[in-house]
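Notes for the one structure printed next.
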Amino acid sequence: MMNFSCLLRALPHVAAPVARRAAAATWSARTLATVAPVTLSNISDNMGSVKTKCRIGRGNGSGRGGTSGRGHKGQKARRGTGKPRLGFEGGQTPLMKRIPKRGFKNIHGKDLGKVNLDKLQRWIEVGRIDPSKPITMKELYDARLIHSIKDGVKLLGDGAAYLRTPIHIEVTQASKTAIEAVEKLGGKVVCVYYNKLGLRALVKPHKFRVLPRRAEPTATRDIDYYSSQEHRGYLALGVAPTYPAPTASFYNGAAAPVQYSLPPMAPIKPTVKLLAAREALAKAAGVAPPAAEKVAEEAATTEAKA
């Protein structure tokens, strides 16, 4: 049991902190009572909450002069964080430079989903796709015939012997075998151009409050491809793409899409293949082809805008 003398010796150590806290509280209350109300003009940080930045390299008298607290030489004494860049191996040839490189990335390549005719016929037979309506990339995606659309869809001719149903299908590209197999049964293949935004609006129109207008191709490579009768391009066939799709559902359950009333689109750059396609369409329709002056004027307008 603690004796009385020990208790007397411990009392000052216990009472002193309590007394200091009480004095601080009294001083704070007295200060708040005498100081003006806190406003934006007199507000400030608490004492000790903000520290002055340590200035290094300002002479030895500061305590951080000379080597500025970094010591003598070495990697960590150099400028920066002292950590080398990713892949640095001390000066020797890095691993990524030592190993050989093969191939290249085609900047004009497209990541197209593949659809074969035998699988398409199977989806028609089980009732997942309705062949009586135009089949767009949205119908292929909704039927889970393809599971993702990045740059478009290409129709391939594998299993052409199993195709028995005439169809009207619109895809980004189609192989020669697939085109022959579909047209042999009385069907129709149309290759249509879509950019990234147009593809998303075609496949998922319900996500757009205002449905964007479908873009026309601008690159000569794309214009020439869709102006080719051999590729069954929509510019060569003179048909308008099915946009939006027949099975489309629109934003907030609307019956029709909401679109801006925009001025007509600028004419497509008249390449040699596009002009040849227009002339062939005019001859097939029994109409005189466009005059050379009009073609030249259109080309000049397009170049001026570019």
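Ordered as shown in the structure tokens, chains take letters A, B, and onward, while each chain numbers its residues from 1 and ligands are numbered from 1 in the order shown.
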Check which residues of range 162-191 of chain A sit at most 10 Å from range 213-228 of chain A using only C-alpha atoms, and return one row each with the closest pair of atoms and their distance in Å to one decimal, ordered by chain and rising number, as a Markdown table.
| residue | atom | partner | partner_atom | distance |
| --- | --- | --- | --- | --- |
| A:Thr172 | CA | A:Tyr226 | CA | 9.4 |
| A:Gln173 | CA | A:Tyr226 | CA | 9.1 |
| A:Val190 | CA | A:Tyr226 | CA | 9.3 |
| A:Cys191 | CA | A:Tyr226 | CA | 6.9 |
Next on the checklist: List the spatial neighbours of Leu145 in chain A as a PyMOL selection string - criterion: any atom at most 10 Å away, only C-alpha atoms, same-chain residues fewer than 3 positions off excluded.
Outcome noted: chain A and resi 113-116+119-120+123+128-129+137+139-142+148
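Put simply, CA of Ile149 in chain A is 14.0 Å away from CA of Glu170 in chain A.
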Residues within 12 Å of Arg58 in chain A, please, as a compact mmCIF listing (two decimals) with N, CA, C and O atoms, in the first residue's frame. Count only C-alpha atoms; anything in the same chain fewer than 6 positions from it doesn't count.
# COMPACT_ATOMS: atom_id res chain seq x y z
N ARG A 64 21.83 23.69 -44.48
CA ARG A 64 21.48 22.89 -45.66
C ARG A 64 22.21 23.43 -46.89
O ARG A 64 21.67 23.51 -47.97
N GLY A 65 23.47 23.87 -46.71
CA GLY A 65 24.24 24.38 -47.82
C GLY A 65 25.14 23.30 -48.39
O GLY A 65 25.07 22.13 -48.02
N GLY A 66 26.03 23.68 -49.26
CA GLY A 66 26.98 22.73 -49.82
C GLY A 66 26.29 21.68 -50.66
O GLY A 66 25.82 21.94 -51.76
N THR A 67 26.18 20.47 -50.14
CA THR A 67 25.55 19.36 -50.87
C THR A 67 24.04 19.33 -50.68
O THR A 67 23.37 18.41 -51.15
N SER A 68 23.49 20.31 -49.95
CA SER A 68 22.04 20.45 -49.80
C SER A 68 21.39 19.22 -49.16
O SER A 68 20.27 18.85 -49.51
N GLY A 69 22.10 18.60 -48.27
CA GLY A 69 21.52 17.46 -47.56
C GLY A 69 21.53 16.16 -48.33
O GLY A 69 20.95 15.18 -47.88
Item to check | strand (DSSP E or B) residues, from DSSP on the backbone, in range 50-208 of chain A, as number ranges by chain | outcome: A: 113-116, 135, 153-156, 168-171, 173-174, 188-191
Item to check | DSSP helix (DSSP H, G or I) selection over range 31-226 of chain A, as a PyMOL selection string | outcome: chain A and resi 31-34+60-62+75-77+95-98+117-125+137-142+160-162+176-184+196-203+205-207+220-226
Checklist entry - At what distance in Å, to one decimal, does CA of Gly159 in chain A lie from CA of Val171 in chain A? => result 17.8 Å
Next on the checklist: I'd like the interatomic distance between CA of Leu86 in chain A and CA of Gly57 in chain A, to a tenth of an Å.
Outcome noted: 29.2 Å
Could I get the residues of range 129-177 of chain A with an atom no further than 8 Å from an atom of range 104-111 of chain A, each paired with its nearest atom pair and that distance in Å to one decimal, using only C-alpha atoms, sorted by chain and residue number, as a tab-separated table?
residue	atom	partner	partner_atom	distance
A:Lys150	CA	A:Asp111	CA	6.1
A:Asp151	CA	A:Asp111	CA	5.3
A:Gly152	CA	A:Asp111	CA	7.2
Can you write out the residues you just picked, keeping C-alpha atoms, as a CSV table (one decimal), in the first residue's frame?
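Final file, out-v4.csv:
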chain,number,residue,atom,x,y,z
A,150,LYS,CA,-14.9,-2.6,-82.7
A,151,ASP,CA,-14.4,-1.5,-86.2
A,152,GLY,CA,-17.3,-3.4,-87.9
May I have the residues within 7 Å of range 239-246 of chain A as a PDB file with all heavy atoms, in the first residue's frame, using only C-alpha atoms and disregarding those fewer than 5 positions away in the same chain?
ATOM      1  N   THR A 136     -28.853  -5.960 -90.189  1.00  0.00           N
ATOM      2  CA  THR A 136     -27.749  -5.040 -89.951  1.00  0.00           C
ATOM      3  C   THR A 136     -26.841  -5.605 -88.862  1.00  0.00           C
ATOM      4  O   THR A 136     -27.095  -6.684 -88.314  1.00  0.00           O
ATOM      5  CB  THR A 136     -28.267  -3.655 -89.540  1.00  0.00           C
ATOM      6  OG1 THR A 136     -28.928  -3.771 -88.267  1.00  0.00           O
ATOM      7  CG2 THR A 136     -29.260  -3.132 -90.564  1.00  0.00           C
ATOM      8  N   LYS A 138     -26.603  -4.521 -85.951  1.00  0.00           N
ATOM      9  CA  LYS A 138     -27.321  -4.539 -84.672  1.00  0.00           C
ATOM     10  C   LYS A 138     -28.021  -5.874 -84.467  1.00  0.00           C
ATOM     11  O   LYS A 138     -28.005  -6.445 -83.361  1.00  0.00           O
ATOM     12  CB  LYS A 138     -28.334  -3.397 -84.613  1.00  0.00           C
ATOM     13  CG  LYS A 138     -29.219  -3.444 -83.362  1.00  0.00           C
ATOM     14  CD  LYS A 138     -30.124  -2.262 -83.265  1.00  0.00           C
ATOM     15  CE  LYS A 138     -31.104  -2.409 -82.110  1.00  0.00           C
ATOM     16  NZ  LYS A 138     -30.435  -2.687 -80.827  1.00  0.00           N
ATOM     17  N   VAL A 192     -21.367  -1.200 -95.972  1.00  0.00           N
ATOM     18  CA  VAL A 192     -21.693   0.151 -95.521  1.00  0.00           C
ATOM     19  C   VAL A 192     -20.573   0.677 -94.633  1.00  0.00           C
ATOM     20  O   VAL A 192     -19.995  -0.067 -93.834  1.00  0.00           O
ATOM     21  CB  VAL A 192     -23.027   0.160 -94.741  1.00  0.00           C
ATOM     22  CG1 VAL A 192     -23.412   1.576 -94.352  1.00  0.00           C
ATOM     23  CG2 VAL A 192     -24.126  -0.475 -95.559  1.00  0.00           C
ATOM     24  N   LEU A 202     -25.596   2.811 -84.077  1.00  0.00           N
ATOM     25  CA  LEU A 202     -26.353   1.773 -84.772  1.00  0.00           C
ATOM     26  C   LEU A 202     -26.670   0.610 -83.834  1.00  0.00           C
ATOM     27  O   LEU A 202     -27.801   0.120 -83.811  1.00  0.00           O
ATOM     28  CB  LEU A 202     -25.559   1.267 -85.970  1.00  0.00           C
ATOM     29  CG  LEU A 202     -26.143   0.062 -86.715  1.00  0.00           C
ATOM     30  CD1 LEU A 202     -27.401   0.463 -87.475  1.00  0.00           C
ATOM     31  CD2 LEU A 202     -25.125  -0.553 -87.653  1.00  0.00           C
ATOM     32  N   TYR A 234     -21.994   0.554-100.853  1.00  0.00           N
ATOM     33  CA  TYR A 234     -23.276   1.247-100.946  1.00  0.00           C
ATOM     34  C   TYR A 234     -23.194   2.458-101.870  1.00  0.00           C
ATOM     35  O   TYR A 234     -24.203   2.870-102.458  1.00  0.00           O
ATOM     36  CB  TYR A 234     -23.750   1.660 -99.547  1.00  0.00           C
ATOM     37  CG  TYR A 234     -23.020   2.827 -98.949  1.00  0.00           C
ATOM     38  CD1 TYR A 234     -23.588   4.097 -98.916  1.00  0.00           C
ATOM     39  CD2 TYR A 234     -21.751   2.684 -98.395  1.00  0.00           C
ATOM     40  CE1 TYR A 234     -22.933   5.173 -98.364  1.00  0.00           C
ATOM     41  CE2 TYR A 234     -21.089   3.750 -97.833  1.00  0.00           C
ATOM     42  CZ  TYR A 234     -21.679   4.986 -97.817  1.00  0.00           C
ATOM     43  OH  TYR A 234     -21.014   6.050 -97.264  1.00  0.00           O
TER      44      TYR A 234
END
Checklist entry - Could you name the residues that touch Leu163 in chain A at 9 Å or less, counting only C-alpha atoms, but leaving out those on the same chain fewer than 5 positions away, as a ChimeraX atom specification? => result /A:117-122,181-182,185
Output file for the selection above: all heavy atoms, as a compact mmCIF listing (two decimals), in the first residue's frame:
# COMPACT_ATOMS: atom_id res chain seq x y z
N LEU A 117 -21.23 -17.94 -93.08
CA LEU A 117 -22.57 -18.20 -93.60
C LEU A 117 -23.24 -19.39 -92.94
O LEU A 117 -24.46 -19.39 -92.75
CB LEU A 117 -22.50 -18.41 -95.12
CG LEU A 117 -22.07 -17.18 -95.94
CD1 LEU A 117 -21.99 -17.54 -97.40
CD2 LEU A 117 -23.06 -16.05 -95.72
N ASP A 118 -22.49 -20.44 -92.58
CA ASP A 118 -23.12 -21.60 -91.95
C ASP A 118 -23.69 -21.24 -90.58
O ASP A 118 -24.79 -21.67 -90.22
CB ASP A 118 -22.11 -22.74 -91.84
CG ASP A 118 -20.83 -22.32 -91.15
OD1 ASP A 118 -20.66 -21.11 -90.88
OD2 ASP A 118 -19.98 -23.21 -90.88
N LYS A 119 -22.97 -20.44 -89.82
CA LYS A 119 -23.47 -20.02 -88.52
C LYS A 119 -24.66 -19.07 -88.66
O LYS A 119 -25.62 -19.12 -87.88
CB LYS A 119 -22.35 -19.34 -87.72
CG LYS A 119 -22.65 -19.19 -86.24
CD LYS A 119 -21.43 -18.69 -85.50
CE LYS A 119 -21.72 -18.60 -84.00
NZ LYS A 119 -20.52 -18.11 -83.26
N LEU A 120 -24.63 -18.22 -89.69
CA LEU A 120 -25.76 -17.33 -89.94
C LEU A 120 -27.02 -18.12 -90.29
O LEU A 120 -28.12 -17.80 -89.81
CB LEU A 120 -25.40 -16.37 -91.07
CG LEU A 120 -26.45 -15.34 -91.48
CD1 LEU A 120 -26.80 -14.43 -90.31
CD2 LEU A 120 -25.95 -14.50 -92.65
N GLN A 121 -26.89 -19.17 -91.10
CA GLN A 121 -28.03 -20.02 -91.44
C GLN A 121 -28.56 -20.73 -90.19
O GLN A 121 -29.78 -20.87 -90.03
CB GLN A 121 -27.61 -21.05 -92.49
CG GLN A 121 -28.70 -22.03 -92.89
CD GLN A 121 -29.90 -21.34 -93.52
OE1 GLN A 121 -29.76 -20.39 -94.28
NE2 GLN A 121 -31.10 -21.83 -93.20
N ARG A 122 -27.67 -21.16 -89.31
CA ARG A 122 -28.10 -21.82 -88.08
C ARG A 122 -28.90 -20.87 -87.20
O ARG A 122 -29.92 -21.26 -86.63
CB ARG A 122 -26.86 -22.33 -87.33
CG ARG A 122 -27.14 -22.91 -85.95
CD ARG A 122 -28.02 -24.12 -86.01
NE ARG A 122 -28.25 -24.68 -84.69
CZ ARG A 122 -29.21 -25.54 -84.40
NH1 ARG A 122 -30.06 -25.94 -85.35
NH2 ARG A 122 -29.34 -26.01 -83.18
N ALA A 181 -22.32 -16.47 -102.81
CA ALA A 181 -23.26 -17.42 -102.20
C ALA A 181 -24.58 -16.77 -101.87
O ALA A 181 -25.65 -17.36 -102.07
CB ALA A 181 -22.62 -18.03 -100.94
N VAL A 182 -24.55 -15.54 -101.36
CA VAL A 182 -25.81 -14.86 -101.00
C VAL A 182 -26.59 -14.48 -102.25
O VAL A 182 -27.82 -14.67 -102.32
CB VAL A 182 -25.49 -13.62 -100.14
CG1 VAL A 182 -26.75 -12.79 -99.92
CG2 VAL A 182 -24.90 -14.04 -98.80
N LEU A 185 -28.69 -17.19 -104.18
CA LEU A 185 -30.02 -17.52 -103.65
C LEU A 185 -31.01 -16.37 -103.80
O LEU A 185 -32.13 -16.46 -103.30
CB LEU A 185 -29.91 -17.90 -102.17
CG LEU A 185 -29.07 -19.14 -101.85
CD1 LEU A 185 -28.91 -19.30 -100.35
CD2 LEU A 185 -29.73 -20.39 -102.45
